[in-house]
Amino acid sequence: MSELNYQVFGSVAMASPFPGMNPYLENPLFWSEIHNLLIAAIFRHLNPQLRPKYKVAIEKRVYQTIDEDSLLVGVADVAVQNTQQKSSPEPANIAVASPSVAAVTVDVTMPETIRETYLEVRDIATQEVVTTIEILSPKNKRPGEGRNAYTKKRLQVLGSYTNLVEIDLLRDGKPIQQLQNNLQTDYRILVSRASKRPKADLYAFNLPNSIPAFPLPLREGDTEPLLDIQILICELYDEGNYDLVIDYNQEPVPAISAENLGWLDTVLKEQGLRN
């Protein structure tokens, strides 16, 4: 009965029109939700495959940040007494000076508390963190506390016996992991195995490419499951009804590169999503 109701009152969800990353999902309006949904999707995908030796856990990194060009209002070391507080009476003949400039009301920028989720694969027997999985956020790729906090955590992982998987599905911002000769790509996935450092595998790909699948690094000798981010992205696009809120007649935000504009326009027109 429920299936019949869905067919009558519902509508069929549209699949993502792109063979790889959907650039419209990078919009700040959607990305925070996409980030959390992808974290949860990886959690659900990996845990059944890793039992009984490993468990995937969702962790959280918390820090405060503020725009670099804004002012932070602090609390004075000594509180100012209320002017209404009773004190020694002033002589009646003392004049009170008026301010020469009238005050205006302004807005001050307050610090923002940021909570970024990431994943840890833990050994059930020892509770050791075997692999850390990070999905980069826009603040990780811009100068400021977000990048500083992430870089500090990254260096701690790289200096340990923990594997690192770093997934960058954002075109905007400065990449954390640079390619040799400063080559630029739209997206990157870094797989750093503790046993092979400083060498690591970097999957660099562009908007027209599908997101490459890769084996999840575990302890040496263990069977490593394949992590296919492309499938997960397509599933959450469908589950989240993003086809209902994305206007494909508009250009993506952040802006797309000139070499990809024609390709994107062709893809959308072929699927009837752009006039």
# chains A, B, ... in the order shown; residues from 1 in each chain; ligands from 1
$ residues_around --residues "A:Met21" --least-positions-apart "6" --cutoff "9 Å" --atoms "only C-alpha atoms" --output "ChimeraX atom specification"
/A:169,187,206-211,230,233-234
$ write_last_selection --atoms "N, CA and C atoms" --output "JSON list (two decimals), in the first residue's frame"
[["chain", "number", "residue", "atom", "x", "y", "z"],
["A", 169, "LEU", "N", 36.84, 17.22, -2.08],
["A", 169, "LEU", "CA", 35.84, 17.33, -3.15],
["A", 169, "LEU", "C", 35.41, 18.78, -3.36],
["A", 187, "TYR", "N", 39.96, 18.11, -7.95],
["A", 187, "TYR", "CA", 39.72, 17.33, -6.73],
["A", 187, "TYR", "C", 40.90, 16.40, -6.46],
["A", 206, "ASN", "N", 39.60, 15.54, -12.23],
["A", 206, "ASN", "CA", 38.91, 16.77, -12.58],
["A", 206, "ASN", "C", 37.41, 16.55, -12.69],
["A", 207, "LEU", "N", 36.70, 17.64, -12.87],
["A", 207, "LEU", "CA", 35.25, 17.61, -12.88],
["A", 207, "LEU", "C", 34.67, 16.59, -13.86],
["A", 208, "PRO", "N", 35.15, 16.47, -15.09],
["A", 208, "PRO", "CA", 34.55, 15.50, -16.01],
["A", 208, "PRO", "C", 34.83, 14.04, -15.67],
["A", 209, "ASN", "N", 35.75, 13.79, -14.73],
["A", 209, "ASN", "CA", 36.12, 12.42, -14.39],
["A", 209, "ASN", "C", 35.24, 11.87, -13.27],
["A", 210, "SER", "N", 35.06, 10.56, -13.25],
["A", 210, "SER", "CA", 34.40, 9.93, -12.11],
["A", 210, "SER", "C", 35.33, 9.95, -10.91],
["A", 211, "ILE", "N", 34.76, 9.91, -9.73],
["A", 211, "ILE", "CA", 35.57, 9.88, -8.51],
["A", 211, "ILE", "C", 36.19, 8.50, -8.38],
["A", 230, "GLN", "N", 32.15, 7.68, -5.29],
["A", 230, "GLN", "CA", 31.23, 8.03, -6.36],
["A", 230, "GLN", "C", 29.83, 7.47, -6.12],
["A", 233, "ILE", "N", 28.16, 9.41, -3.20],
["A", 233, "ILE", "CA", 27.73, 10.75, -3.60],
["A", 233, "ILE", "C", 26.43, 10.68, -4.38],
["A", 234, "CYS", "N", 26.35, 9.74, -5.31],
["A", 234, "CYS", "CA", 25.13, 9.58, -6.11],
["A", 234, "CYS", "C", 23.94, 9.19, -5.23]]
$ closest_atom_pairs --of "stretch 173-225 of chain A" --to "stretch 117-121 of chain A" --cutoff "12 Å" --atoms "only C-alpha atoms" --output "Markdown table"
| residue | atom | partner | partner_atom | distance |
| --- | --- | --- | --- | --- |
| A:Leu216 | CA | A:Val121 | CA | 9.9 |
| A:Pro217 | CA | A:Val121 | CA | 9.7 |
| A:Leu218 | CA | A:Val121 | CA | 8.3 |
| A:Arg219 | CA | A:Val121 | CA | 10.6 |
$ residues_around --residues "stretch 248-257 of chain A" --least-positions-apart "5" --cutoff "12 Å" --atoms "only C-alpha atoms" --output "ChimeraX atom specification"
/A:16-18,22-31,138,170-173,184-186,206-208,242-243,262-269,271-275
$ select_by_dssp --residues "stretch 176-213 of chain A" --states "helix (DSSP H, G or I)" --output "PDB file with all heavy atoms, in the first residue's frame"
ATOM      1  N   GLN A 180      53.120  17.477  -7.673  1.00  0.00           N
ATOM      2  CA  GLN A 180      54.457  17.845  -8.130  1.00  0.00           C
ATOM      3  C   GLN A 180      54.351  18.847  -9.276  1.00  0.00           C
ATOM      4  O   GLN A 180      53.408  18.826 -10.060  1.00  0.00           O
ATOM      5  CB  GLN A 180      55.233  16.607  -8.571  1.00  0.00           C
ATOM      6  CG  GLN A 180      55.579  15.661  -7.426  1.00  0.00           C
ATOM      7  CD  GLN A 180      56.371  14.460  -7.893  1.00  0.00           C
ATOM      8  OE1 GLN A 180      56.501  14.213  -9.090  1.00  0.00           O
ATOM      9  NE2 GLN A 180      56.899  13.701  -6.949  1.00  0.00           N
ATOM     10  N   ASN A 181      55.349  19.745  -9.353  1.00  0.00           N
ATOM     11  CA  ASN A 181      55.408  20.786 -10.376  1.00  0.00           C
ATOM     12  C   ASN A 181      54.210  21.736 -10.300  1.00  0.00           C
ATOM     13  O   ASN A 181      53.879  22.410 -11.282  1.00  0.00           O
ATOM     14  CB  ASN A 181      55.482  20.167 -11.787  1.00  0.00           C
ATOM     15  CG  ASN A 181      56.695  19.266 -11.955  1.00  0.00           C
ATOM     16  OD1 ASN A 181      57.780  19.583 -11.458  1.00  0.00           O
ATOM     17  ND2 ASN A 181      56.518  18.147 -12.632  1.00  0.00           N
ATOM     18  N   ASN A 182      53.542  21.763  -9.109  1.00  0.00           N
ATOM     19  CA  ASN A 182      52.410  22.652  -8.883  1.00  0.00           C
ATOM     20  C   ASN A 182      51.278  22.447  -9.886  1.00  0.00           C
ATOM     21  O   ASN A 182      50.554  23.395 -10.233  1.00  0.00           O
ATOM     22  CB  ASN A 182      52.867  24.111  -8.903  1.00  0.00           C
ATOM     23  CG  ASN A 182      53.709  24.465  -7.686  1.00  0.00           C
ATOM     24  OD1 ASN A 182      53.454  23.978  -6.588  1.00  0.00           O
ATOM     25  ND2 ASN A 182      54.722  25.289  -7.888  1.00  0.00           N
ATOM     26  N   ALA A 194      50.767   4.363   6.786  1.00  0.00           N
ATOM     27  CA  ALA A 194      51.824   4.596   7.768  1.00  0.00           C
ATOM     28  C   ALA A 194      53.084   3.810   7.438  1.00  0.00           C
ATOM     29  O   ALA A 194      54.202   4.287   7.657  1.00  0.00           O
ATOM     30  CB  ALA A 194      51.322   4.231   9.165  1.00  0.00           C
ATOM     31  N   SER A 195      52.921   2.609   6.872  1.00  0.00           N
ATOM     32  CA  SER A 195      54.076   1.748   6.591  1.00  0.00           C
ATOM     33  C   SER A 195      54.882   2.210   5.386  1.00  0.00           C
ATOM     34  O   SER A 195      56.003   1.738   5.172  1.00  0.00           O
ATOM     35  CB  SER A 195      53.603   0.307   6.352  1.00  0.00           C
ATOM     36  OG  SER A 195      52.719   0.250   5.234  1.00  0.00           O
ATOM     37  N   LYS A 196      54.339   3.153   4.594  1.00  0.00           N
ATOM     38  CA  LYS A 196      55.023   3.574   3.359  1.00  0.00           C
ATOM     39  C   LYS A 196      55.425   5.044   3.362  1.00  0.00           C
ATOM     40  O   LYS A 196      55.915   5.548   2.349  1.00  0.00           O
ATOM     41  CB  LYS A 196      54.130   3.290   2.150  1.00  0.00           C
ATOM     42  CG  LYS A 196      53.886   1.811   1.912  1.00  0.00           C
ATOM     43  CD  LYS A 196      53.103   1.581   0.627  1.00  0.00           C
ATOM     44  CE  LYS A 196      52.909   0.088   0.358  1.00  0.00           C
ATOM     45  NZ  LYS A 196      52.161  -0.161  -0.904  1.00  0.00           N
TER      46      LYS A 196
END
